[in-house]
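Asker: Enclosed is the structure file data-v1.tsv (TSV, C-alpha atoms and all ligand atoms).
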```
chain	number	residue	atom	x	y	z
A	1	MET	CA	202.86	26.05	5.85
A	2	THR	CA	200.18	28.76	5.53
A	3	PRO	CA	200.34	30.13	2.00
A	4	LEU	CA	201.20	33.79	1.57
A	5	LEU	CA	198.76	34.02	-1.32
A	6	ASP	CA	195.79	31.70	-1.50
A	7	ILE	CA	193.54	32.02	-4.56
A	8	ARG	CA	190.56	29.65	-4.47
A	9	ASP	CA	188.10	28.92	-7.29
A	10	LEU	CA	188.46	32.38	-8.76
A	11	SER	CA	186.25	33.03	-11.79
A	12	LEU	CA	186.06	36.33	-13.64
A	13	VAL	CA	184.03	37.38	-16.66
A	14	PHE	CA	183.99	40.51	-18.82
A	15	ASP	CA	180.58	41.80	-19.85
A	16	THR	CA	181.08	42.83	-23.47
A	17	PHE	CA	178.76	43.93	-26.30
A	18	ASP	CA	179.11	40.44	-27.77
A	19	GLY	CA	178.23	38.65	-24.55
A	20	THR	CA	179.89	37.31	-21.42
A	21	TYR	CA	183.59	36.58	-21.90
A	22	HIS	CA	184.78	33.90	-19.47
A	23	ALA	CA	188.35	35.10	-18.95
A	24	ILE	CA	189.23	33.22	-15.72
A	25	ASP	CA	187.56	29.96	-14.76
A	26	GLN	CA	187.78	28.46	-11.27
A	27	VAL	CA	191.47	29.09	-10.77
A	28	SER	CA	193.07	27.94	-7.52
A	29	LEU	CA	196.67	28.81	-6.83
A	30	GLN	CA	198.69	28.92	-3.63
A	31	LEU	CA	202.03	30.61	-3.16
A	32	ASN	CA	204.25	30.13	-0.11
A	33	PRO	CA	206.37	32.88	1.45
A	34	GLY	CA	209.66	33.24	-0.43
A	35	GLU	CA	208.49	31.10	-3.35
A	36	ALA	CA	209.13	32.22	-6.96
A	37	LEU	CA	206.39	31.05	-9.30
A	38	GLY	CA	206.34	31.49	-13.06
A	39	LEU	CA	202.91	31.93	-14.65
A	40	VAL	CA	203.19	31.00	-18.31
A	41	GLY	CA	200.90	30.63	-21.27
A	42	GLU	CA	200.31	32.17	-24.66
A	43	THR	CA	198.98	35.67	-25.18
A	44	GLY	CA	195.40	36.24	-24.01
A	45	CYS	CA	195.26	33.18	-21.71
A	46	GLY	CA	194.53	35.35	-18.68
A	47	LYS	CA	197.86	35.63	-16.85
A	48	SER	CA	197.65	39.39	-16.33
A	49	VAL	CA	193.94	39.47	-15.61
A	50	LEU	CA	194.32	36.76	-12.93
A	51	THR	CA	197.07	38.55	-11.01
A	52	ARG	CA	195.56	42.00	-11.47
A	53	ALA	CA	192.10	40.86	-10.41
A	54	ALA	CA	193.55	39.32	-7.26
A	55	PHE	CA	194.76	42.77	-6.18
A	56	GLY	CA	191.85	44.90	-7.38
A	57	LEU	CA	193.44	46.16	-10.60
A	58	VAL	CA	190.84	45.00	-13.11
A	59	PRO	CA	188.09	47.60	-13.59
A	60	VAL	CA	184.65	46.48	-12.42
A	61	PRO	CA	182.72	46.84	-14.76
A	62	PRO	CA	183.44	45.56	-17.43
A	63	ALA	CA	184.92	42.81	-15.25
A	64	ARG	CA	182.85	40.84	-12.76
A	65	ILE	CA	184.21	38.33	-10.29
A	66	THR	CA	181.66	35.54	-10.23
A	67	SER	CA	183.20	33.21	-7.66
A	68	GLY	CA	186.16	32.58	-5.44
A	69	SER	CA	188.34	34.12	-2.81
A	70	VAL	CA	191.80	35.67	-2.65
A	71	GLN	CA	193.63	35.70	0.66
A	72	LEU	CA	196.92	37.41	1.38
A	73	ASP	CA	198.44	36.23	4.65
A	74	GLY	CA	195.03	34.94	5.69
A	75	ARG	CA	193.23	38.24	4.89
A	76	GLU	CA	190.44	38.22	2.29
A	77	LEU	CA	191.09	40.78	-0.44
A	78	LEU	CA	187.94	40.45	-2.54
A	79	GLY	CA	185.45	43.04	-1.38
A	80	LEU	CA	188.04	45.38	0.18
A	81	SER	CA	187.71	49.07	-0.67
A	82	ASP	CA	189.89	50.63	-3.38
A	83	ARG	CA	191.70	52.56	-0.67
A	84	ALA	CA	192.52	49.42	1.32
A	85	LEU	CA	193.69	47.62	-1.82
A	86	ARG	CA	195.88	50.58	-2.80
A	87	GLY	CA	197.45	50.41	0.65
A	88	ILE	CA	198.18	46.70	0.22
A	89	ARG	CA	199.65	47.26	-3.26
A	90	GLY	CA	201.90	50.00	-1.92
A	91	SER	CA	203.23	47.98	0.98
A	92	GLU	CA	202.73	44.20	1.04
A	93	VAL	CA	202.53	43.64	-2.70
A	94	ALA	CA	204.55	45.37	-5.40
A	95	MET	CA	204.13	45.13	-9.15
A	96	ILE	CA	206.39	45.78	-12.11
A	97	PHE	CA	205.32	45.71	-15.73
A	98	GLN	CA	206.72	45.35	-19.22
A	99	ASP	CA	207.30	48.93	-20.25
A	100	PRO	CA	209.00	50.96	-17.50
A	101	MET	CA	208.50	54.25	-19.37
A	102	THR	CA	204.72	53.96	-18.88
A	103	TYR	CA	205.24	54.05	-15.14
A	104	LEU	CA	207.90	56.76	-14.95
A	105	ASN	CA	206.92	60.39	-15.43
A	106	PRO	CA	209.19	61.86	-18.13
A	107	VAL	CA	209.17	65.37	-16.63
A	108	PHE	CA	210.44	64.47	-13.16
A	109	ARG	CA	213.90	63.31	-12.17
A	110	VAL	CA	214.24	59.66	-11.21
A	111	GLY	CA	215.22	60.62	-7.65
A	112	THR	CA	212.15	62.82	-7.15
A	113	GLN	CA	209.86	60.00	-8.28
A	114	LEU	CA	211.60	57.49	-6.05
A	115	VAL	CA	211.45	59.76	-3.01
A	116	ASP	CA	207.76	60.53	-3.64
A	117	ALA	CA	206.94	56.84	-4.06
A	118	ILE	CA	208.80	55.86	-0.89
A	119	ARG	CA	207.09	58.59	1.12
A	120	ALA	CA	203.69	57.61	-0.26
A	121	GLN	CA	204.36	53.92	0.47
A	122	SER	CA	205.12	54.88	4.10
A	123	GLY	CA	201.87	56.82	4.38
A	124	GLY	CA	203.89	60.02	4.92
A	125	ARG	CA	205.77	58.64	7.95
A	126	ILE	CA	209.15	58.89	6.22
A	127	GLY	CA	210.71	62.35	5.73
A	128	LYS	CA	212.44	63.52	2.54
A	129	ALA	CA	215.99	62.99	3.77
A	130	GLU	CA	215.31	59.43	4.93
A	131	ALA	CA	213.45	58.64	1.69
A	132	LYS	CA	216.44	59.89	-0.31
A	133	SER	CA	218.79	57.66	1.62
A	134	ILE	CA	216.45	54.63	1.10
A	135	ALA	CA	216.22	55.50	-2.62
A	136	LEU	CA	220.01	55.65	-3.05
A	137	ASP	CA	220.37	52.39	-1.15
A	138	MET	CA	217.78	50.73	-3.41
A	139	LEU	CA	219.45	52.06	-6.58
A	140	ASP	CA	222.64	50.48	-5.31
A	141	LYS	CA	220.84	47.17	-4.52
A	142	VAL	CA	219.56	46.95	-8.09
A	143	HIS	CA	223.15	47.54	-9.28
A	144	LEU	CA	222.49	50.79	-11.07
A	145	PRO	CA	225.94	52.19	-11.76
A	146	ASN	CA	226.64	55.52	-10.07
A	147	PRO	CA	223.38	55.82	-8.07
A	148	ASP	CA	224.03	59.49	-7.19
A	149	ARG	CA	224.12	60.47	-10.84
A	150	GLN	CA	221.09	58.33	-11.82
A	151	PHE	CA	219.17	59.83	-8.90
A	152	ARG	CA	219.42	63.23	-10.62
A	153	ALA	CA	218.73	61.89	-14.14
A	154	TYR	CA	215.48	62.16	-16.11
A	155	PRO	CA	213.97	58.84	-17.27
A	156	HIS	CA	214.82	59.52	-20.95
A	157	GLU	CA	218.51	59.74	-20.00
A	158	LEU	CA	218.48	56.08	-18.91
A	159	SER	CA	218.47	52.96	-21.06
A	160	GLY	CA	215.48	50.55	-20.99
A	161	GLY	CA	217.33	48.16	-18.69
A	162	MET	CA	218.29	50.99	-16.31
A	163	ARG	CA	214.68	52.20	-16.20
A	164	GLN	CA	213.49	48.71	-15.33
A	165	ARG	CA	216.10	48.65	-12.50
A	166	VAL	CA	214.66	51.96	-11.24
A	167	LEU	CA	211.15	50.49	-11.21
A	168	ILE	CA	212.37	47.39	-9.40
A	169	ALA	CA	214.05	49.67	-6.83
A	170	MET	CA	210.80	51.61	-6.45
A	171	ALA	CA	208.76	48.42	-6.10
A	172	LEU	CA	211.04	46.91	-3.48
A	173	ALA	CA	211.66	50.01	-1.38
A	174	ALA	CA	208.56	49.32	0.71
A	175	LYS	CA	209.90	45.81	1.48
A	176	PRO	CA	206.88	43.95	0.06
A	177	LYS	CA	206.30	40.27	0.76
A	178	LEU	CA	205.19	39.60	-2.77
A	179	LEU	CA	206.38	40.93	-6.12
A	180	ILE	CA	204.26	40.52	-9.24
A	181	ALA	CA	206.46	40.92	-12.32
A	182	ASP	CA	204.38	41.04	-15.51
A	183	GLU	CA	206.62	40.32	-18.52
A	184	PRO	CA	209.35	42.48	-16.91
A	185	THR	CA	211.98	41.79	-19.57
A	186	THR	CA	209.91	41.41	-22.74
A	187	ALA	CA	210.71	44.93	-23.99
A	188	LEU	CA	214.46	44.52	-23.43
A	189	ASP	CA	217.10	43.08	-25.73
A	190	MET	CA	218.52	39.64	-24.94
A	191	THR	CA	221.67	40.68	-23.04
A	192	ILE	CA	219.88	43.21	-20.87
A	193	GLN	CA	217.05	40.72	-20.34
A	194	ALA	CA	219.53	38.20	-18.94
A	195	GLN	CA	221.00	40.83	-16.59
A	196	ILE	CA	217.58	41.84	-15.25
A	197	LEU	CA	216.62	38.19	-14.73
A	198	ASP	CA	219.87	37.62	-12.81
A	199	LEU	CA	219.06	40.65	-10.69
A	200	MET	CA	215.54	39.40	-9.96
A	201	ALA	CA	216.82	35.97	-8.97
A	202	GLU	CA	219.35	37.61	-6.65
A	203	LEU	CA	216.73	39.88	-5.04
A	204	VAL	CA	214.26	37.02	-4.50
A	205	GLU	CA	217.01	35.07	-2.77
A	206	ASP	CA	218.48	37.94	-0.72
A	207	LEU	CA	215.23	39.58	0.37
A	208	GLY	CA	213.24	36.36	0.87
A	209	LEU	CA	210.61	37.75	-1.51
A	210	ALA	CA	207.80	35.69	-2.94
A	211	MET	CA	207.29	36.39	-6.61
A	212	ILE	CA	204.90	35.64	-9.45
A	213	MET	CA	206.65	36.18	-12.75
A	214	ILE	CA	204.28	36.35	-15.70
A	215	SER	CA	205.72	35.38	-19.05
A	216	HIS	CA	204.78	33.73	-22.31
A	217	ASP	CA	208.28	32.23	-22.29
A	218	LEU	CA	209.11	29.10	-20.24
A	219	GLY	CA	212.81	29.76	-20.85
A	220	VAL	CA	212.57	33.14	-19.10
A	221	VAL	CA	210.80	31.87	-15.98
A	222	ALA	CA	213.23	28.94	-15.74
A	223	GLN	CA	215.99	31.44	-15.01
A	224	VAL	CA	214.29	32.80	-11.88
A	225	CYS	CA	211.46	30.55	-10.70
A	226	SER	CA	211.44	27.25	-8.85
A	227	ARG	CA	207.87	26.43	-9.82
A	228	VAL	CA	205.67	26.98	-12.85
A	229	ALA	CA	201.91	27.22	-13.34
A	230	VAL	CA	200.82	26.84	-16.95
A	231	MET	CA	197.65	28.66	-17.99
A	232	TYR	CA	195.52	27.94	-20.98
A	233	ALA	CA	192.34	29.85	-21.93
A	234	GLY	CA	191.64	31.12	-18.42
A	235	LYS	CA	192.46	27.91	-16.54
A	236	ILE	CA	195.55	26.48	-14.90
A	237	VAL	CA	196.30	23.22	-16.69
A	238	GLU	CA	199.55	22.24	-14.95
A	239	ASP	CA	201.46	23.31	-11.84
A	240	ALA	CA	204.80	21.76	-10.97
A	241	PRO	CA	208.40	22.36	-9.89
A	242	ILE	CA	210.38	23.79	-12.79
A	243	GLY	CA	212.48	20.62	-13.14
A	244	ARG	CA	209.36	18.46	-13.55
A	245	ILE	CA	207.98	20.80	-16.19
A	246	PHE	CA	211.12	20.40	-18.28
A	247	ASP	CA	211.79	16.70	-17.55
A	248	ALA	CA	208.28	15.28	-17.42
A	249	PRO	CA	205.68	17.76	-18.70
A	250	ALA	CA	202.31	16.07	-18.29
A	251	HIS	CA	199.72	18.24	-20.02
A	252	PRO	CA	199.75	18.07	-23.83
A	253	TYR	CA	199.65	21.90	-23.87
A	254	THR	CA	202.79	22.12	-21.69
A	255	GLN	CA	204.44	19.57	-23.97
A	256	GLY	CA	203.56	21.81	-26.92
A	257	LEU	CA	205.00	24.89	-25.19
A	258	LEU	CA	208.25	23.04	-24.56
A	259	ALA	CA	208.44	21.85	-28.14
A	260	ALA	CA	208.04	25.47	-29.23
A	261	LEU	CA	211.06	26.62	-27.20
A	262	PRO	CA	214.02	27.56	-29.37
A	263	HIS	CA	216.88	25.11	-29.03
A	264	PRO	CA	220.53	25.79	-29.86
A	265	PHE	CA	220.73	22.69	-32.06
A	266	LYS	CA	217.32	23.04	-33.68
A	267	PRO	CA	217.16	25.14	-36.86
A	268	VAL	CA	214.70	28.03	-36.49
A	269	ASP	CA	212.61	26.94	-39.50
A	270	ARG	CA	211.90	23.62	-37.70
A	271	LEU	CA	210.50	25.31	-34.57
A	272	ALA	CA	207.25	23.59	-33.58
A	273	SER	CA	204.09	25.55	-32.91
A	274	ILE	CA	200.81	24.30	-31.50
A	275	PRO	CA	198.25	24.08	-34.31
A	276	GLY	CA	194.88	25.77	-33.79
A	277	THR	CA	193.72	28.78	-31.80
A	278	LEU	CA	192.30	29.54	-28.36
A	279	PRO	CA	188.65	28.51	-27.94
A	280	ASP	CA	185.97	31.21	-28.08
A	281	LEU	CA	185.62	32.25	-24.44
A	282	LEU	CA	182.24	33.85	-25.14
A	283	HIS	CA	181.07	30.24	-25.50
A	284	PRO	CA	183.71	28.17	-23.67
A	285	PRO	CA	183.52	24.39	-23.90
A	286	ALA	CA	182.24	22.67	-20.75
A	287	GLY	CA	185.21	20.30	-20.72
A	288	CYS	CA	188.92	20.70	-21.35
A	289	ARG	CA	189.51	24.03	-23.10
A	290	PHE	CA	192.53	22.59	-24.93
A	291	ALA	CA	190.69	19.56	-26.33
A	292	GLY	CA	190.06	21.23	-29.71
A	293	ARG	CA	193.83	21.50	-30.28
A	294	CYS	CA	194.90	18.29	-28.57
A	295	ALA	CA	196.01	15.29	-30.63
A	296	GLN	CA	195.21	13.00	-27.67
A	297	SER	CA	191.70	14.26	-26.86
A	298	HIS	CA	188.95	11.68	-26.39
A	299	ALA	CA	185.36	11.47	-25.18
A	300	ALA	CA	186.19	12.06	-21.47
A	301	CYS	CA	187.65	15.49	-22.31
A	302	ALA	CA	184.13	16.82	-22.98
A	303	ALA	CA	183.38	16.85	-19.21
A	304	PRO	CA	185.03	19.31	-16.79
A	305	VAL	CA	188.60	18.25	-15.94
A	306	PRO	CA	189.84	19.23	-12.46
A	307	LEU	CA	193.51	19.62	-11.50
A	308	ARG	CA	194.73	16.33	-10.02
A	309	ALA	CA	197.91	15.52	-8.14
A	310	VAL	CA	200.08	13.31	-10.36
A	311	GLY	CA	203.25	13.50	-8.28
A	312	PRO	CA	204.89	15.49	-5.48
A	313	ARG	CA	203.80	19.14	-5.88
A	314	HIS	CA	202.73	18.28	-9.42
A	315	ARG	CA	199.12	18.88	-10.52
A	316	VAL	CA	197.67	18.51	-13.97
A	317	ALA	CA	194.20	18.97	-15.45
A	318	CYS	CA	194.11	16.22	-18.07
A	319	THR	CA	192.09	13.05	-18.49
A	320	LEU	CA	195.23	11.15	-19.55
A	321	TYR	CA	196.28	10.94	-15.90
A	322	LYS	CA	194.80	9.45	-12.78
A	323	ASP	CA	195.03	10.89	-9.29
A	324	ALA	CA	198.42	10.09	-7.70
A	325	ALA	CA	196.74	9.75	-4.31
A	326	THR	CA	194.75	6.75	-5.48
A	327	GLU	CA	196.55	5.44	-8.53
A	328	GLY	CA	200.18	6.58	-8.27
A	329	ALA	CA	201.31	9.02	-10.96
A	330	ALA	CA	200.02	6.67	-13.57
A	331	HIS	CA	199.62	7.57	-17.17
A	332	VAL	CA	196.43	5.87	-18.39
B	1	LIG	N1	188.83	45.23	-20.10
B	1	LIG	C1	188.64	44.12	-20.79
B	1	LIG	N2	187.49	43.89	-21.45
B	1	LIG	C2	187.27	42.75	-22.15
B	1	LIG	N3	188.18	41.75	-22.24
B	1	LIG	C3	189.36	41.92	-21.62
B	1	LIG	C4	189.66	43.10	-20.86
B	1	LIG	N4	190.92	42.96	-20.35
B	1	LIG	C5	191.36	41.76	-20.76
B	1	LIG	N5	190.44	41.14	-21.52
B	1	LIG	C6	190.56	39.82	-22.16
B	1	LIG	O1	190.93	38.86	-21.18
B	1	LIG	C7	191.80	37.88	-21.77
B	1	LIG	C8	193.00	37.69	-20.92
B	1	LIG	O2	193.85	38.85	-21.01
B	1	LIG	P1	195.26	38.93	-20.31
B	1	LIG	O3	195.79	40.31	-20.52
B	1	LIG	O4	195.17	38.43	-18.92
B	1	LIG	O5	196.13	37.90	-21.16
B	1	LIG	P2	197.64	37.50	-20.95
B	1	LIG	O6	197.69	36.05	-20.80
B	1	LIG	O7	198.26	38.31	-19.85
B	1	LIG	O8	198.22	37.92	-22.37
B	1	LIG	P3	199.43	38.86	-22.74
B	1	LIG	O9	200.65	38.02	-22.57
B	1	LIG	O10	199.17	39.23	-24.16
B	1	LIG	O11	199.37	40.05	-21.81
B	1	LIG	C9	192.14	38.39	-23.16
B	1	LIG	O12	191.42	37.65	-24.12
B	1	LIG	C10	191.71	39.82	-23.15
B	1	LIG	O13	191.27	40.23	-24.43
```
Any chance you could give the structure as structure tokens?

Answerer:
Amino acid sequence: MTPLLDIRDLSLVFDTFDGTYHAIDQVSLQLNPGEALGLVGETGCGKSVLTRAAFGLVPVPPARITSGSVQLDGRELLGLSDRALRGIRGSEVAMIFQDPMTYLNPVFRVGTQLVDAIRAQSGGRIGKAEAKSIALDMLDKVHLPNPDRQFRAYPHELSGGMRQRVLIAMALAAKPKLLIADEPTTALDMTIQAQILDLMAELVEDLGLAMIMISHDLGVVAQVCSRVAVMYAGKIVEDAPIGRIFDAPAHPYTQGLLAALPHPFKPVDRLASIPGTLPDLLHPPAGCRFAGRCAQSHAACAAPVPLRAVGPRHRVACTLYKDAATEGAAHV
């Protein structure tokens, strides 16, 4: 199957006063049509920069893409003009972020903003009346109670969860092929978070959408995604179906993330955390970037460690494993 999104060897640095910050290092990631991928990792590991850079949303400078390619449906995105990228973001790719209030204008009614967004997404081809009918239909699809009333409301009259539903409606009105959801539920309380995740799972299924959901929380992505890519310090260290990640996590970092998940039978004061901090990406190590925090690191970790297949649709960048193609999914 031709991937919908094909990121190859993407590297990105930020030129800072202190030096060159190596934020993304040779990341390759493919996403098939209709696939829901969770991108997880702790704060600062590069999840947002990776997805934003792919669609021209990281300012250049201070950023600089030093290698790689990004193809959407076979079309190269790196090097496209801002205008062309804006067009792609408004139609084929939609994005939603953590804080919906940042993206809604407080002085305009929700309906006005939806209608304007839908008309802009269509390049002006859709008239006001048609845009209003699409907007009401989308508000209904995202299960906003009483869409007619919410259409006339101002953003401050809605709860956080309702605002996020409005932004999801806005994002999906153009019928994109790919939705990037960057920590979409982090600002919401637990009950509302669960409702929004249910909604996202339903929309992915019903609309055949591909999605990348960015989160620092494996538990959150498990509710919506069938596959997970784990990022650490600007690199993908493991990529596998969600079941494999929970049943047989291979990378010591993924194992640490799982151990840090709250568990109903584990007292909170016994929650594990991974000792140590992210490496200094102004001077990144040549080898495994997790080695400094890894209890199992050894001499081989000082050399670059590529992602290797260790099982069906399961790749891991760790010297503890050999390539499944030659050795079976053997643990050394
Ligand atoms: N404009 C910038 N200039 C310099 N460094 C930047 C810039 N934007 C991001 N970074 C750095 O790039 C790294 C990756 O940031 P990114 O926002 O992708 O992390 P993240 O994994 O999404 O974390 P979070 O969950 O906190 O959003 C961080 O260390 C951040 O400080």

Asker: I need the residue nearest A:Gln71 from this list: A:Gln98, A:Gln121, A:Thr2, A:Gln113. Use all atoms listed in the file for the distance.

Answerer: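 Distance minimum relative to A:Gln71 lands on A:Thr2.
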
Asker: A:Tyr232, A:Phe290, A:Phe55, A:Phe14: which is nearest ligand LIG 1 (chain B), counting all atoms listed in the file?

Answerer: A:Phe14

Asker: Please report, as a tab-separated table, each residue of stretch 64-133 of chain A lying at most 8 Å from stretch 138-153 of chain A, together with the nearest pair of atoms and the separation in Å rounded to one decimal; use all atoms listed in the file, and order rows by chain and ascending residue number.

Answerer:
```
residue	atom	partner	partner_atom	distance
A:Arg109	CA	A:Ala153	CA	5.4
A:Val110	CA	A:Phe151	CA	5.4
A:Gly111	CA	A:Phe151	CA	4.2
A:Thr112	CA	A:Phe151	CA	7.8
```

Asker: Could you list, as a VMD selection string, all protein and nucleic acid residues with an atom at most 9 Å from ligand LIG 1 (chain B), counting only C-alpha atoms and all ligand atoms?

Answerer: chain A and resid 13 to 16 21 to 24 40 to 52 58 to 63 182 to 183 214 to 216 231 to 234 281

Asker: Restricting it to C-alpha atoms, dump the selection as a PDB file, in the coordinates of the input.

Answerer:
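out.pdb, written as the output of this step:
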```
ATOM      1  CA  VAL A  13     184.030  37.380 -16.660  1.00  0.00           C
ATOM      2  CA  PHE A  14     183.990  40.510 -18.820  1.00  0.00           C
ATOM      3  CA  ASP A  15     180.580  41.800 -19.850  1.00  0.00           C
ATOM      4  CA  THR A  16     181.080  42.830 -23.470  1.00  0.00           C
ATOM      5  CA  TYR A  21     183.590  36.580 -21.900  1.00  0.00           C
ATOM      6  CA  HIS A  22     184.780  33.900 -19.470  1.00  0.00           C
ATOM      7  CA  ALA A  23     188.350  35.100 -18.950  1.00  0.00           C
ATOM      8  CA  ILE A  24     189.230  33.220 -15.720  1.00  0.00           C
ATOM      9  CA  VAL A  40     203.190  31.000 -18.310  1.00  0.00           C
ATOM     10  CA  GLY A  41     200.900  30.630 -21.270  1.00  0.00           C
ATOM     11  CA  GLU A  42     200.310  32.170 -24.660  1.00  0.00           C
ATOM     12  CA  THR A  43     198.980  35.670 -25.180  1.00  0.00           C
ATOM     13  CA  GLY A  44     195.400  36.240 -24.010  1.00  0.00           C
ATOM     14  CA  CYS A  45     195.260  33.180 -21.710  1.00  0.00           C
ATOM     15  CA  GLY A  46     194.530  35.350 -18.680  1.00  0.00           C
ATOM     16  CA  LYS A  47     197.860  35.630 -16.850  1.00  0.00           C
ATOM     17  CA  SER A  48     197.650  39.390 -16.330  1.00  0.00           C
ATOM     18  CA  VAL A  49     193.940  39.470 -15.610  1.00  0.00           C
ATOM     19  CA  LEU A  50     194.320  36.760 -12.930  1.00  0.00           C
ATOM     20  CA  THR A  51     197.070  38.550 -11.010  1.00  0.00           C
ATOM     21  CA  ARG A  52     195.560  42.000 -11.470  1.00  0.00           C
ATOM     22  CA  VAL A  58     190.840  45.000 -13.110  1.00  0.00           C
ATOM     23  CA  PRO A  59     188.090  47.600 -13.590  1.00  0.00           C
ATOM     24  CA  VAL A  60     184.650  46.480 -12.420  1.00  0.00           C
ATOM     25  CA  PRO A  61     182.720  46.840 -14.760  1.00  0.00           C
ATOM     26  CA  PRO A  62     183.440  45.560 -17.430  1.00  0.00           C
ATOM     27  CA  ALA A  63     184.920  42.810 -15.250  1.00  0.00           C
ATOM     28  CA  ASP A 182     204.380  41.040 -15.510  1.00  0.00           C
ATOM     29  CA  GLU A 183     206.620  40.320 -18.520  1.00  0.00           C
ATOM     30  CA  ILE A 214     204.280  36.350 -15.700  1.00  0.00           C
ATOM     31  CA  SER A 215     205.720  35.380 -19.050  1.00  0.00           C
ATOM     32  CA  HIS A 216     204.780  33.730 -22.310  1.00  0.00           C
ATOM     33  CA  MET A 231     197.650  28.660 -17.990  1.00  0.00           C
ATOM     34  CA  TYR A 232     195.520  27.940 -20.980  1.00  0.00           C
ATOM     35  CA  ALA A 233     192.340  29.850 -21.930  1.00  0.00           C
ATOM     36  CA  GLY A 234     191.640  31.120 -18.420  1.00  0.00           C
ATOM     37  CA  LEU A 281     185.620  32.250 -24.440  1.00  0.00           C
TER      38      LEU A 281
END
```

Asker: Near A:Pro252, within 12 Å and counting all atoms listed in the file, which residues show up once chain neighbours fewer than 5 positions away are dropped, as a PyMOL selection string?

Answerer: chain A and resi 230+232+237-238+245+257-259+274+288-297+316-321

Asker: Within 10 Å of stretch 30-38 of chain A, which residues of stretch 230-262 of chain A show up? Give each one with its shortest atom-to-atom distance in Å (one decimal) and the two atoms involved, counting all atoms listed in the file, rows by chain then rising residue number, as JSON lines.

Answerer:
```
{"residue": "A:Val230", "atom": "CA", "partner": "A:Gly38", "partner_atom": "CA", "distance": 8.2}
{"residue": "A:Asp239", "atom": "CA", "partner": "A:Leu37", "partner_atom": "CA", "distance": 9.5}
{"residue": "A:Ala240", "atom": "CA", "partner": "A:Leu37", "partner_atom": "CA", "distance": 9.6}
{"residue": "A:Pro241", "atom": "CA", "partner": "A:Leu37", "partner_atom": "CA", "distance": 8.9}
{"residue": "A:Ile242", "atom": "CA", "partner": "A:Gly38", "partner_atom": "CA", "distance": 8.7}
```

Asker: Find the distance between atom CA of A:Gly219 and atom CA of A:Thr102 and write it in Å to one decimal.

Answerer: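 Atom-to-atom, atom CA of A:Gly219 to atom CA of A:Thr102, that is 25.6 Å.
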
Asker: Could you please determine the separation between atom CA of A:Ala222 and atom CA of A:Ile236 in Å, to one decimal place?

Answerer: 17.9 Å

Asker: As an exercise, work out the distance from atom CA of A:Ala302 to atom CA of A:Gly287 in Å and give it to one decimal place.

Answerer: 4.3 Å

Asker: Using only C-alpha atoms, pick whichever of A:Lys177, A:Lys322, A:His283, A:Arg313 has the shortest atom-to-atom distance to A:Thr20.

Answerer: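 Smallest separation from A:Thr20 among the options: A:His283.
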